[in-house]
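J.: So here's upload.txt, just compact mmCIF, N, CA and C atoms:
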# COMPACT_ATOMS: atom_id res chain seq x y z
N MET A 1 121.79 160.62 43.30
CA MET A 1 122.72 160.59 42.21
C MET A 1 122.14 159.78 41.05
N THR A 2 122.25 160.29 39.88
CA THR A 2 121.73 159.57 38.72
C THR A 2 122.74 158.51 38.28
N ASP A 3 122.27 157.58 37.45
CA ASP A 3 123.15 156.53 36.95
C ASP A 3 124.27 157.11 36.11
N HIS A 4 123.95 158.18 35.39
CA HIS A 4 124.96 158.79 34.52
C HIS A 4 126.12 159.37 35.34
N SER A 5 125.81 160.12 36.41
CA SER A 5 126.88 160.69 37.21
C SER A 5 127.63 159.61 37.99
N TYR A 6 126.93 158.55 38.38
CA TYR A 6 127.57 157.47 39.10
C TYR A 6 128.59 156.76 38.21
N SER A 7 128.23 156.54 36.95
CA SER A 7 129.16 155.90 36.04
C SER A 7 130.35 156.81 35.74
N GLY A 8 130.13 158.12 35.76
CA GLY A 8 131.23 159.06 35.59
C GLY A 8 132.23 158.96 36.72
N TRP A 9 131.72 158.81 37.95
CA TRP A 9 132.62 158.66 39.10
C TRP A 9 133.40 157.36 39.00
N ASN A 10 132.72 156.29 38.57
CA ASN A 10 133.43 155.01 38.40
C ASN A 10 134.56 155.14 37.40
N LEU A 11 134.28 155.83 36.30
CA LEU A 11 135.30 156.02 35.28
C LEU A 11 136.48 156.82 35.83
N LEU A 12 136.17 157.89 36.57
CA LEU A 12 137.22 158.73 37.14
C LEU A 12 138.06 157.94 38.14
N VAL A 13 137.41 157.21 39.02
CA VAL A 13 138.12 156.46 40.05
C VAL A 13 138.98 155.35 39.44
N SER A 14 138.52 154.73 38.37
CA SER A 14 139.31 153.67 37.76
C SER A 14 140.42 154.22 36.87
N TRP A 15 140.22 155.41 36.29
CA TRP A 15 141.21 155.99 35.38
C TRP A 15 142.33 156.71 36.12
N LEU A 16 141.99 157.39 37.24
CA LEU A 16 142.95 158.25 37.92
C LEU A 16 144.20 157.51 38.40
N PRO A 17 144.09 156.38 39.09
CA PRO A 17 145.31 155.71 39.56
C PRO A 17 146.23 155.27 38.42
N THR A 18 145.67 154.88 37.28
CA THR A 18 146.52 154.45 36.18
C THR A 18 147.21 155.62 35.51
N GLU A 19 146.55 156.77 35.45
CA GLU A 19 147.15 157.93 34.81
C GLU A 19 148.19 158.62 35.70
N ILE A 20 148.04 158.53 37.00
CA ILE A 20 148.99 159.17 37.90
C ILE A 20 150.36 158.52 37.77
N GLY A 21 150.41 157.22 37.58
CA GLY A 21 151.68 156.52 37.51
C GLY A 21 152.37 156.60 36.17
N LYS A 22 151.68 156.94 35.11
CA LYS A 22 152.26 156.89 33.78
C LYS A 22 153.46 157.81 33.57
N PRO A 23 153.43 159.08 33.95
CA PRO A 23 154.59 159.92 33.66
C PRO A 23 155.86 159.43 34.36
N TRP A 24 155.72 158.73 35.45
CA TRP A 24 156.89 158.29 36.21
C TRP A 24 157.37 156.89 35.78
N ARG A 25 156.53 156.17 35.08
CA ARG A 25 156.81 154.77 34.84
C ARG A 25 157.91 154.56 33.79
N PHE A 26 157.82 155.22 32.66
CA PHE A 26 158.75 154.96 31.56
C PHE A 26 159.73 156.11 31.41
N GLN A 27 160.69 156.15 32.28
CA GLN A 27 161.70 157.21 32.21
C GLN A 27 163.08 156.60 32.04
N GLU A 28 164.02 157.50 31.78
CA GLU A 28 165.38 157.04 31.54
C GLU A 28 166.09 156.72 32.85
N ARG A 29 167.39 156.62 32.81
CA ARG A 29 168.18 156.24 33.97
C ARG A 29 168.05 157.24 35.12
N LYS A 30 167.94 158.52 34.80
CA LYS A 30 167.91 159.55 35.84
C LYS A 30 166.48 159.81 36.30
N SER A 31 165.77 158.79 36.65
CA SER A 31 164.37 158.94 37.04
C SER A 31 164.21 159.55 38.44
N TRP A 32 165.28 159.66 39.19
CA TRP A 32 165.21 160.21 40.54
C TRP A 32 165.23 161.73 40.54
N ILE A 33 165.63 162.37 39.45
CA ILE A 33 165.78 163.83 39.43
C ILE A 33 164.45 164.55 39.60
N ARG A 34 163.45 164.12 38.86
CA ARG A 34 162.15 164.80 38.92
C ARG A 34 161.51 164.74 40.31
N PRO A 35 161.41 163.57 40.97
CA PRO A 35 160.81 163.54 42.31
C PRO A 35 161.62 164.32 43.34
N VAL A 36 162.94 164.24 43.27
CA VAL A 36 163.77 164.98 44.22
C VAL A 36 163.60 166.47 44.02
N PHE A 37 163.56 166.93 42.78
CA PHE A 37 163.34 168.35 42.51
C PHE A 37 161.98 168.79 43.02
N ALA A 38 160.95 168.01 42.79
CA ALA A 38 159.60 168.36 43.25
C ALA A 38 159.55 168.44 44.77
N ILE A 39 160.17 167.51 45.44
CA ILE A 39 160.18 167.52 46.91
C ILE A 39 160.95 168.73 47.44
N CYS A 40 162.10 169.01 46.85
CA CYS A 40 162.91 170.16 47.29
C CYS A 40 162.19 171.48 47.04
N PHE A 41 161.57 171.60 45.89
CA PHE A 41 160.86 172.83 45.56
C PHE A 41 159.66 173.04 46.49
N THR A 42 158.91 172.00 46.74
CA THR A 42 157.76 172.08 47.66
C THR A 42 158.23 172.41 49.07
N SER A 43 159.32 171.80 49.49
CA SER A 43 159.87 172.09 50.82
C SER A 43 160.33 173.54 50.93
N LEU A 44 160.92 174.05 49.86
CA LEU A 44 161.35 175.45 49.85
C LEU A 44 160.15 176.39 49.96
N LEU A 45 159.08 176.10 49.23
CA LEU A 45 157.88 176.93 49.32
C LEU A 45 157.27 176.91 50.73
N ILE A 46 157.23 175.75 51.34
CA ILE A 46 156.69 175.65 52.71
C ILE A 46 157.58 176.40 53.68
N PHE A 47 158.90 176.27 53.55
CA PHE A 47 159.83 176.98 54.42
C PHE A 47 159.68 178.49 54.30
N VAL A 48 159.60 178.99 53.08
CA VAL A 48 159.43 180.44 52.87
C VAL A 48 158.11 180.92 53.47
N ASN A 49 157.06 180.14 53.30
CA ASN A 49 155.76 180.52 53.85
C ASN A 49 155.80 180.58 55.36
N LEU A 50 156.36 179.56 56.00
CA LEU A 50 156.36 179.50 57.47
C LEU A 50 157.30 180.51 58.11
N ASN A 51 158.40 180.84 57.45
CA ASN A 51 159.39 181.71 58.07
C ASN A 51 159.29 183.18 57.68
N PHE A 52 158.70 183.48 56.55
CA PHE A 52 158.68 184.88 56.11
C PHE A 52 157.27 185.44 55.98
N TYR A 53 156.42 184.74 55.24
CA TYR A 53 155.09 185.27 54.98
C TYR A 53 154.18 185.18 56.19
N LEU A 54 154.10 184.02 56.81
CA LEU A 54 153.17 183.80 57.91
C LEU A 54 153.43 184.68 59.14
N PRO A 55 154.67 184.82 59.62
CA PRO A 55 154.88 185.71 60.78
C PRO A 55 154.52 187.17 60.49
N ALA A 56 154.79 187.64 59.29
CA ALA A 56 154.44 189.02 58.95
C ALA A 56 152.94 189.19 58.91
N TRP A 57 152.23 188.19 58.43
CA TRP A 57 150.78 188.26 58.35
C TRP A 57 150.13 188.17 59.74
N MET A 58 150.72 187.37 60.63
CA MET A 58 150.15 187.17 61.95
C MET A 58 150.35 188.37 62.88
N GLN A 59 151.29 189.26 62.56
CA GLN A 59 151.56 190.42 63.43
C GLN A 59 150.32 191.29 63.60
N GLY A 60 149.61 191.55 62.53
CA GLY A 60 148.46 192.44 62.62
C GLY A 60 147.15 191.70 62.60
N LEU A 61 147.14 190.48 63.04
CA LEU A 61 145.94 189.67 62.97
C LEU A 61 144.82 190.27 63.80
N TYR A 62 143.81 190.76 63.15
CA TYR A 62 142.61 191.33 63.76
C TYR A 62 142.90 192.51 64.69
N GLY A 63 144.06 193.08 64.65
CA GLY A 63 144.37 194.22 65.52
C GLY A 63 144.62 193.83 66.97
N ILE A 64 144.82 192.56 67.24
CA ILE A 64 145.08 192.09 68.60
C ILE A 64 146.58 192.17 68.85
N ALA A 65 146.96 192.81 69.95
CA ALA A 65 148.37 192.93 70.29
C ALA A 65 148.55 192.71 71.79
N ARG A 66 149.76 192.34 72.18
CA ARG A 66 150.06 192.12 73.59
C ARG A 66 149.96 193.41 74.39
N SER A 67 150.11 194.54 73.74
CA SER A 67 150.03 195.82 74.44
C SER A 67 148.62 196.08 74.99
N ASP A 68 147.61 195.38 74.47
CA ASP A 68 146.25 195.52 75.00
C ASP A 68 146.15 195.03 76.45
N LEU A 69 147.06 194.18 76.86
CA LEU A 69 147.02 193.60 78.21
C LEU A 69 147.77 194.45 79.23
N ALA A 70 148.50 195.47 78.79
CA ALA A 70 149.37 196.24 79.68
C ALA A 70 148.58 196.90 80.81
N ILE A 71 147.38 197.33 80.54
CA ILE A 71 146.57 198.00 81.57
C ILE A 71 146.27 197.06 82.73
N PHE A 72 146.02 195.80 82.42
CA PHE A 72 145.60 194.85 83.44
C PHE A 72 146.75 194.06 84.06
N THR A 73 147.95 194.21 83.55
CA THR A 73 149.10 193.51 84.13
C THR A 73 149.96 194.43 84.99
N SER A 74 149.59 195.68 85.12
CA SER A 74 150.37 196.61 85.95
C SER A 74 150.09 196.37 87.43
N THR A 75 150.94 196.94 88.28
CA THR A 75 150.76 196.78 89.73
C THR A 75 149.55 197.56 90.22
N GLU A 76 149.22 198.67 89.55
CA GLU A 76 148.02 199.43 89.93
C GLU A 76 146.75 198.61 89.69
N ALA A 77 146.75 197.84 88.62
CA ALA A 77 145.58 197.02 88.32
C ALA A 77 145.43 195.87 89.32
N GLU A 78 146.54 195.36 89.81
CA GLU A 78 146.47 194.28 90.79
C GLU A 78 145.82 194.73 92.09
N GLU A 79 145.92 196.01 92.41
CA GLU A 79 145.28 196.53 93.62
C GLU A 79 143.77 196.57 93.49
N LEU A 80 143.25 196.55 92.27
CA LEU A 80 141.81 196.61 92.04
C LEU A 80 141.16 195.23 91.98
N THR A 81 141.94 194.18 92.13
CA THR A 81 141.40 192.83 92.02
C THR A 81 140.84 192.35 93.34
N PRO A 82 139.96 191.38 93.35
CA PRO A 82 139.32 190.71 92.23
C PRO A 82 138.28 191.62 91.57
N ALA A 83 138.17 191.54 90.28
CA ALA A 83 137.29 192.46 89.56
C ALA A 83 136.56 191.76 88.42
N LEU A 84 135.37 192.24 88.18
CA LEU A 84 134.58 191.88 87.01
C LEU A 84 134.66 193.07 86.07
N VAL A 85 135.30 192.89 84.93
CA VAL A 85 135.51 193.98 83.99
C VAL A 85 134.64 193.74 82.77
N ILE A 86 133.54 194.48 82.66
CA ILE A 86 132.62 194.33 81.55
C ILE A 86 133.16 195.10 80.35
N VAL A 87 133.24 194.45 79.21
CA VAL A 87 133.83 195.05 78.01
C VAL A 87 132.72 195.29 76.98
N PRO A 88 132.19 196.53 76.94
CA PRO A 88 131.20 196.84 75.90
C PRO A 88 131.92 197.22 74.60
N SER A 89 131.85 196.38 73.60
CA SER A 89 132.57 196.61 72.36
C SER A 89 131.74 196.06 71.21
N GLU A 90 131.81 196.74 70.08
CA GLU A 90 131.09 196.29 68.89
C GLU A 90 131.76 195.06 68.27
N LEU A 91 133.07 195.02 68.31
CA LEU A 91 133.82 193.92 67.70
C LEU A 91 134.43 193.03 68.77
N TRP A 92 134.59 191.77 68.47
CA TRP A 92 135.07 190.81 69.45
C TRP A 92 136.56 190.95 69.72
N MET A 93 137.33 191.61 68.86
CA MET A 93 138.77 191.65 69.02
C MET A 93 139.20 192.36 70.31
N SER A 94 138.51 193.42 70.68
CA SER A 94 138.86 194.13 71.92
C SER A 94 138.62 193.23 73.12
N TYR A 95 137.58 192.45 73.06
CA TYR A 95 137.26 191.52 74.14
C TYR A 95 138.17 190.30 74.10
N GLY A 96 138.42 189.78 72.92
CA GLY A 96 139.20 188.55 72.77
C GLY A 96 140.65 188.70 73.20
N SER A 97 141.20 189.88 73.05
CA SER A 97 142.60 190.06 73.45
C SER A 97 142.77 189.97 74.97
N LEU A 98 141.72 190.17 75.73
CA LEU A 98 141.81 190.13 77.19
C LEU A 98 141.62 188.74 77.78
N LEU A 99 141.16 187.81 76.98
CA LEU A 99 140.86 186.48 77.49
C LEU A 99 142.09 185.71 77.97
N GLU A 100 143.26 186.14 77.57
CA GLU A 100 144.49 185.49 78.04
C GLU A 100 144.65 185.64 79.55
N LEU A 101 144.09 186.71 80.11
CA LEU A 101 144.23 186.97 81.54
C LEU A 101 143.17 186.27 82.38
N GLU A 102 142.23 185.62 81.74
CA GLU A 102 141.10 185.03 82.46
C GLU A 102 141.20 183.51 82.47
N SER A 103 140.80 182.93 83.57
CA SER A 103 140.76 181.48 83.70
C SER A 103 139.39 180.97 83.25
N PRO A 104 139.33 179.84 82.57
CA PRO A 104 138.04 179.28 82.18
C PRO A 104 137.17 178.90 83.38
N ALA A 105 137.79 178.65 84.53
CA ALA A 105 137.04 178.31 85.74
C ALA A 105 136.54 179.54 86.48
N LEU A 106 136.82 180.74 85.95
CA LEU A 106 136.40 182.02 86.54
C LEU A 106 136.96 182.23 87.94
N ASP A 107 138.16 181.74 88.19
CA ASP A 107 138.80 181.96 89.49
C ASP A 107 140.04 182.85 89.40
N SER A 108 140.19 183.56 88.30
CA SER A 108 141.33 184.45 88.11
C SER A 108 141.05 185.82 88.73
N SER A 109 142.05 186.67 88.74
CA SER A 109 141.92 188.01 89.31
C SER A 109 140.89 188.85 88.57
N PHE A 110 140.86 188.69 87.26
CA PHE A 110 139.92 189.43 86.43
C PHE A 110 139.00 188.46 85.71
N ILE A 111 137.75 188.85 85.60
CA ILE A 111 136.79 188.15 84.75
C ILE A 111 136.31 189.17 83.72
N PHE A 112 136.38 188.82 82.44
CA PHE A 112 136.05 189.74 81.36
C PHE A 112 134.82 189.25 80.59
N PRO A 113 133.63 189.67 80.97
CA PRO A 113 132.47 189.35 80.15
C PRO A 113 132.30 190.37 79.02
N TRP A 114 131.80 189.93 77.90
CA TRP A 114 131.52 190.80 76.76
C TRP A 114 130.10 191.31 76.92
N SER A 115 129.94 192.59 76.93
CA SER A 115 128.63 193.20 77.14
C SER A 115 127.72 192.94 75.95
N ILE A 116 126.55 192.35 76.23
CA ILE A 116 125.58 192.11 75.16
C ILE A 116 124.30 192.89 75.38
N GLY A 117 124.29 193.70 76.41
CA GLY A 117 123.12 194.54 76.66
C GLY A 117 123.07 194.99 78.10
N PRO A 118 122.36 196.09 78.38
CA PRO A 118 122.33 196.63 79.74
C PRO A 118 121.66 195.69 80.76
N ARG A 119 120.64 194.98 80.35
CA ARG A 119 119.97 194.07 81.31
C ARG A 119 120.90 192.93 81.71
N THR A 120 121.60 192.39 80.76
CA THR A 120 122.54 191.30 81.05
C THR A 120 123.69 191.80 81.92
N ASP A 121 124.19 193.00 81.61
CA ASP A 121 125.26 193.58 82.43
C ASP A 121 124.81 193.79 83.86
N GLN A 122 123.59 194.26 84.03
CA GLN A 122 123.05 194.49 85.37
C GLN A 122 122.90 193.18 86.14
N ALA A 123 122.40 192.15 85.48
CA ALA A 123 122.23 190.85 86.14
C ALA A 123 123.59 190.26 86.52
N LEU A 124 124.56 190.44 85.67
CA LEU A 124 125.91 189.95 85.95
C LEU A 124 126.54 190.71 87.11
N ALA A 125 126.34 192.01 87.13
CA ALA A 125 126.89 192.84 88.20
C ALA A 125 126.25 192.48 89.54
N GLU A 126 124.95 192.20 89.53
CA GLU A 126 124.26 191.80 90.77
C GLU A 126 124.79 190.46 91.28
N LYS A 127 125.11 189.56 90.37
CA LYS A 127 125.61 188.25 90.78
C LYS A 127 126.97 188.35 91.46
N TYR A 128 127.84 189.27 91.01
CA TYR A 128 129.19 189.37 91.53
C TYR A 128 129.39 190.57 92.47
N THR A 129 128.33 191.23 92.90
CA THR A 129 128.46 192.44 93.72
C THR A 129 129.23 192.20 95.01
N GLY A 130 128.96 191.14 95.71
CA GLY A 130 129.61 190.92 97.00
C GLY A 130 131.03 190.40 96.90
N THR A 131 131.37 189.77 95.81
CA THR A 131 132.67 189.10 95.73
C THR A 131 133.70 189.84 94.87
N ARG A 132 133.26 190.66 93.93
CA ARG A 132 134.18 191.34 93.02
C ARG A 132 133.77 192.78 92.80
N ARG A 133 134.76 193.60 92.49
CA ARG A 133 134.48 194.97 92.09
C ARG A 133 134.04 194.97 90.64
N ILE A 134 133.13 195.86 90.30
CA ILE A 134 132.58 195.90 88.95
C ILE A 134 133.15 197.10 88.22
N TYR A 135 133.72 196.86 87.03
CA TYR A 135 134.26 197.93 86.19
C TYR A 135 133.77 197.75 84.76
N HIS A 136 133.73 198.84 84.06
CA HIS A 136 133.45 198.84 82.61
C HIS A 136 134.70 199.33 81.91
N TYR A 137 135.17 198.56 80.93
CA TYR A 137 136.38 198.91 80.20
C TYR A 137 136.01 199.20 78.76
N TYR A 138 136.30 200.40 78.30
CA TYR A 138 136.02 200.83 76.93
C TYR A 138 137.33 200.90 76.16
N PRO A 139 137.69 199.85 75.41
CA PRO A 139 138.98 199.80 74.74
C PRO A 139 139.12 200.79 73.57
N GLU A 140 138.01 201.20 72.95
CA GLU A 140 138.10 202.08 71.81
C GLU A 140 138.47 203.42 72.27
Could you render the structure from this file as structure tokens?
T.:
Amino acid sequence: MTDHSYSGWNLLVSWLPTEIGKPWRFQERKSWIRPVFAICFTSLLIFVNLNFYLPAWMQGLYGIARSDLAIFTSTEAEELTPALVIVPSELWMSYGSLLELESPALDSSFIFPWSIGPRTDQALAEKYTGTRRIYHYYPE
């Protein structure tokens, strides 16, 4: 940092606290109206965002939906467990939606690895051949 920019920061840091207080300092008797209005208006904006805009936006987030799990939560799918279900997909969303059914300790009924290539899939299948059934799931 040069001396010139450093002195600019000093000026900004020393000027900012004094200027922030000025509009509020010399007001008439009803000095409480402006802060209360600002707080209420900001609270209203946050409320509208959290209750109306955000839930509508989160519905289609990355195309992930609870219906993606229906195949693996049925009684027919439970008969196929324990299983290693390899998910070959170009995008992570098809794979990511299934992670809710998997335990981080890999002791759940289904294990969902994301396919990154045939050699890796083969090595993974060889590792789990004796303990789990191997399936490939194509979500597209």
J.: For a test of reading the model, state the distance in Å between atom N of A:Ser97 and atom C of A:Arg132, rounded to one decimal.
T.: 21.3 Å
J.: Quick one: residues within 8 Å of A:Phe112, all atoms listed in the file counted, chain neighbours fewer than 6 positions away excluded, as a list in words?
T.: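 Here the answer would be Ala83, Leu84, Val85, Ile86, Val87, Tyr95, Leu98, Leu99, Leu101, Glu102, Ser103 and Leu106 of chain A.
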J.: Quick one, how far is atom N of A:Thr131 from atom N of A:Ser108?
T.: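 Atom N of A:Thr131 sits 13.1 Å away from atom N of A:Ser108.
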J.: In terms of the shortest atom-to-atom distance over only C-alpha atoms, which of A:Asp68, A:Cys40, A:Asp107, A:Asn51 is closest to A:Met93?
T.: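 Checking each candidate against A:Met93, we get A:Asp68 as the closest.
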J.: For the atom pair atom N of A:Tyr128 and atom N of A:Arg66, what is the interatomic distance in Å to one decimal place?
T.: 29.1 Å
J.: Could you tell me, as a PyMOL selection string, which residues of stretch 57-137 of chain A DSSP assigns to strand (DSSP E or B) when given the backbone?
T.: chain A and resi 83-87+110-111+114+133-136
J.: Extract the full set of helix (DSSP H, G or I) residues from stretch 33-111 of chain A according to DSSP on the backbone, and format it as a tab-separated table (two decimals) with N, CA and C atoms, keeping the file's coordinate frame.
T.:
chain	number	residue	atom	x	y	z
A	33	ILE	N	165.63	162.37	39.45
A	33	ILE	CA	165.78	163.83	39.43
A	33	ILE	C	164.45	164.55	39.60
A	34	ARG	N	163.45	164.12	38.86
A	34	ARG	CA	162.15	164.80	38.92
A	34	ARG	C	161.51	164.74	40.31
A	35	PRO	N	161.41	163.57	40.97
A	35	PRO	CA	160.81	163.54	42.31
A	35	PRO	C	161.62	164.32	43.34
A	36	VAL	N	162.94	164.24	43.27
A	36	VAL	CA	163.77	164.98	44.22
A	36	VAL	C	163.60	166.47	44.02
A	37	PHE	N	163.56	166.93	42.78
A	37	PHE	CA	163.34	168.35	42.51
A	37	PHE	C	161.98	168.79	43.02
A	38	ALA	N	160.95	168.01	42.79
A	38	ALA	CA	159.60	168.36	43.25
A	38	ALA	C	159.55	168.44	44.77
A	39	ILE	N	160.17	167.51	45.44
A	39	ILE	CA	160.18	167.52	46.91
A	39	ILE	C	160.95	168.73	47.44
A	40	CYS	N	162.10	169.01	46.85
A	40	CYS	CA	162.91	170.16	47.29
A	40	CYS	C	162.19	171.48	47.04
A	41	PHE	N	161.57	171.60	45.89
A	41	PHE	CA	160.86	172.83	45.56
A	41	PHE	C	159.66	173.04	46.49
A	42	THR	N	158.91	172.00	46.74
A	42	THR	CA	157.76	172.08	47.66
A	42	THR	C	158.23	172.41	49.07
A	43	SER	N	159.32	171.80	49.49
A	43	SER	CA	159.87	172.09	50.82
A	43	SER	C	160.33	173.54	50.93
A	44	LEU	N	160.92	174.05	49.86
A	44	LEU	CA	161.35	175.45	49.85
A	44	LEU	C	160.15	176.39	49.96
A	45	LEU	N	159.08	176.10	49.23
A	45	LEU	CA	157.88	176.93	49.32
A	45	LEU	C	157.27	176.91	50.73
A	46	ILE	N	157.23	175.75	51.34
A	46	ILE	CA	156.69	175.65	52.71
A	46	ILE	C	157.58	176.40	53.68
A	47	PHE	N	158.90	176.27	53.55
A	47	PHE	CA	159.83	176.98	54.42
A	47	PHE	C	159.68	178.49	54.30
A	48	VAL	N	159.60	178.99	53.08
A	48	VAL	CA	159.43	180.44	52.87
A	48	VAL	C	158.11	180.92	53.47
A	49	ASN	N	157.06	180.14	53.30
A	49	ASN	CA	155.76	180.52	53.85
A	49	ASN	C	155.80	180.58	55.36
A	50	LEU	N	156.36	179.56	56.00
A	50	LEU	CA	156.36	179.50	57.47
A	50	LEU	C	157.30	180.51	58.11
A	51	ASN	N	158.40	180.84	57.45
A	51	ASN	CA	159.39	181.71	58.07
A	51	ASN	C	159.29	183.18	57.68
A	52	PHE	N	158.70	183.48	56.55
A	52	PHE	CA	158.68	184.88	56.11
A	52	PHE	C	157.27	185.44	55.98
A	53	TYR	N	156.42	184.74	55.24
A	53	TYR	CA	155.09	185.27	54.98
A	53	TYR	C	154.18	185.18	56.19
A	54	LEU	N	154.10	184.02	56.81
A	54	LEU	CA	153.17	183.80	57.91
A	54	LEU	C	153.43	184.68	59.14
A	55	PRO	N	154.67	184.82	59.62
A	55	PRO	CA	154.88	185.71	60.78
A	55	PRO	C	154.52	187.17	60.49
A	56	ALA	N	154.79	187.64	59.29
A	56	ALA	CA	154.44	189.02	58.95
A	56	ALA	C	152.94	189.19	58.91
A	57	TRP	N	152.23	188.19	58.43
A	57	TRP	CA	150.78	188.26	58.35
A	57	TRP	C	150.13	188.17	59.74
A	58	MET	N	150.72	187.37	60.63
A	58	MET	CA	150.15	187.17	61.95
A	58	MET	C	150.35	188.37	62.88
A	59	GLN	N	151.29	189.26	62.56
A	59	GLN	CA	151.56	190.42	63.43
A	59	GLN	C	150.32	191.29	63.60
A	61	LEU	N	147.14	190.48	63.04
A	61	LEU	CA	145.94	189.67	62.97
A	61	LEU	C	144.82	190.27	63.80
A	62	TYR	N	143.81	190.76	63.15
A	62	TYR	CA	142.61	191.33	63.76
A	62	TYR	C	142.90	192.51	64.69
A	63	GLY	N	144.06	193.08	64.65
A	63	GLY	CA	144.37	194.22	65.52
A	63	GLY	C	144.62	193.83	66.97
A	66	ARG	N	149.76	192.34	72.18
A	66	ARG	CA	150.06	192.12	73.59
A	66	ARG	C	149.96	193.41	74.39
A	67	SER	N	150.11	194.54	73.74
A	67	SER	CA	150.03	195.82	74.44
A	67	SER	C	148.62	196.08	74.99
A	68	ASP	N	147.61	195.38	74.47
A	68	ASP	CA	146.25	195.52	75.00
A	68	ASP	C	146.15	195.03	76.45
A	69	LEU	N	147.06	194.18	76.86
A	69	LEU	CA	147.02	193.60	78.21
A	69	LEU	C	147.77	194.45	79.23
A	70	ALA	N	148.50	195.47	78.79
A	70	ALA	CA	149.37	196.24	79.68
A	70	ALA	C	148.58	196.90	80.81
A	71	ILE	N	147.38	197.33	80.54
A	71	ILE	CA	146.57	198.00	81.57
A	71	ILE	C	146.27	197.06	82.73
A	72	PHE	N	146.02	195.80	82.42
A	72	PHE	CA	145.60	194.85	83.44
A	72	PHE	C	146.75	194.06	84.06
A	73	THR	N	147.95	194.21	83.55
A	73	THR	CA	149.10	193.51	84.13
A	73	THR	C	149.96	194.43	84.99
A	75	THR	N	150.94	196.94	88.28
A	75	THR	CA	150.76	196.78	89.73
A	75	THR	C	149.55	197.56	90.22
A	76	GLU	N	149.22	198.67	89.55
A	76	GLU	CA	148.02	199.43	89.93
A	76	GLU	C	146.75	198.61	89.69
A	77	ALA	N	146.75	197.84	88.62
A	77	ALA	CA	145.58	197.02	88.32
A	77	ALA	C	145.43	195.87	89.32
A	78	GLU	N	146.54	195.36	89.81
A	78	GLU	CA	146.47	194.28	90.79
A	78	GLU	C	145.82	194.73	92.09
A	92	TRP	N	134.59	191.77	68.47
A	92	TRP	CA	135.07	190.81	69.45
A	92	TRP	C	136.56	190.95	69.72
A	93	MET	N	137.33	191.61	68.86
A	93	MET	CA	138.77	191.65	69.02
A	93	MET	C	139.20	192.36	70.31
A	94	SER	N	138.51	193.42	70.68
A	94	SER	CA	138.86	194.13	71.92
A	94	SER	C	138.62	193.23	73.12
A	95	TYR	N	137.58	192.45	73.06
A	95	TYR	CA	137.26	191.52	74.14
A	95	TYR	C	138.17	190.30	74.10
A	96	GLY	N	138.42	189.78	72.92
A	96	GLY	CA	139.20	188.55	72.77
A	96	GLY	C	140.65	188.70	73.20
A	99	LEU	N	141.16	187.81	76.98
A	99	LEU	CA	140.86	186.48	77.49
A	99	LEU	C	142.09	185.71	77.97
A	100	GLU	N	143.26	186.14	77.57
A	100	GLU	CA	144.49	185.49	78.04
A	100	GLU	C	144.65	185.64	79.55
A	101	LEU	N	144.09	186.71	80.11
A	101	LEU	CA	144.23	186.97	81.54
A	101	LEU	C	143.17	186.27	82.38
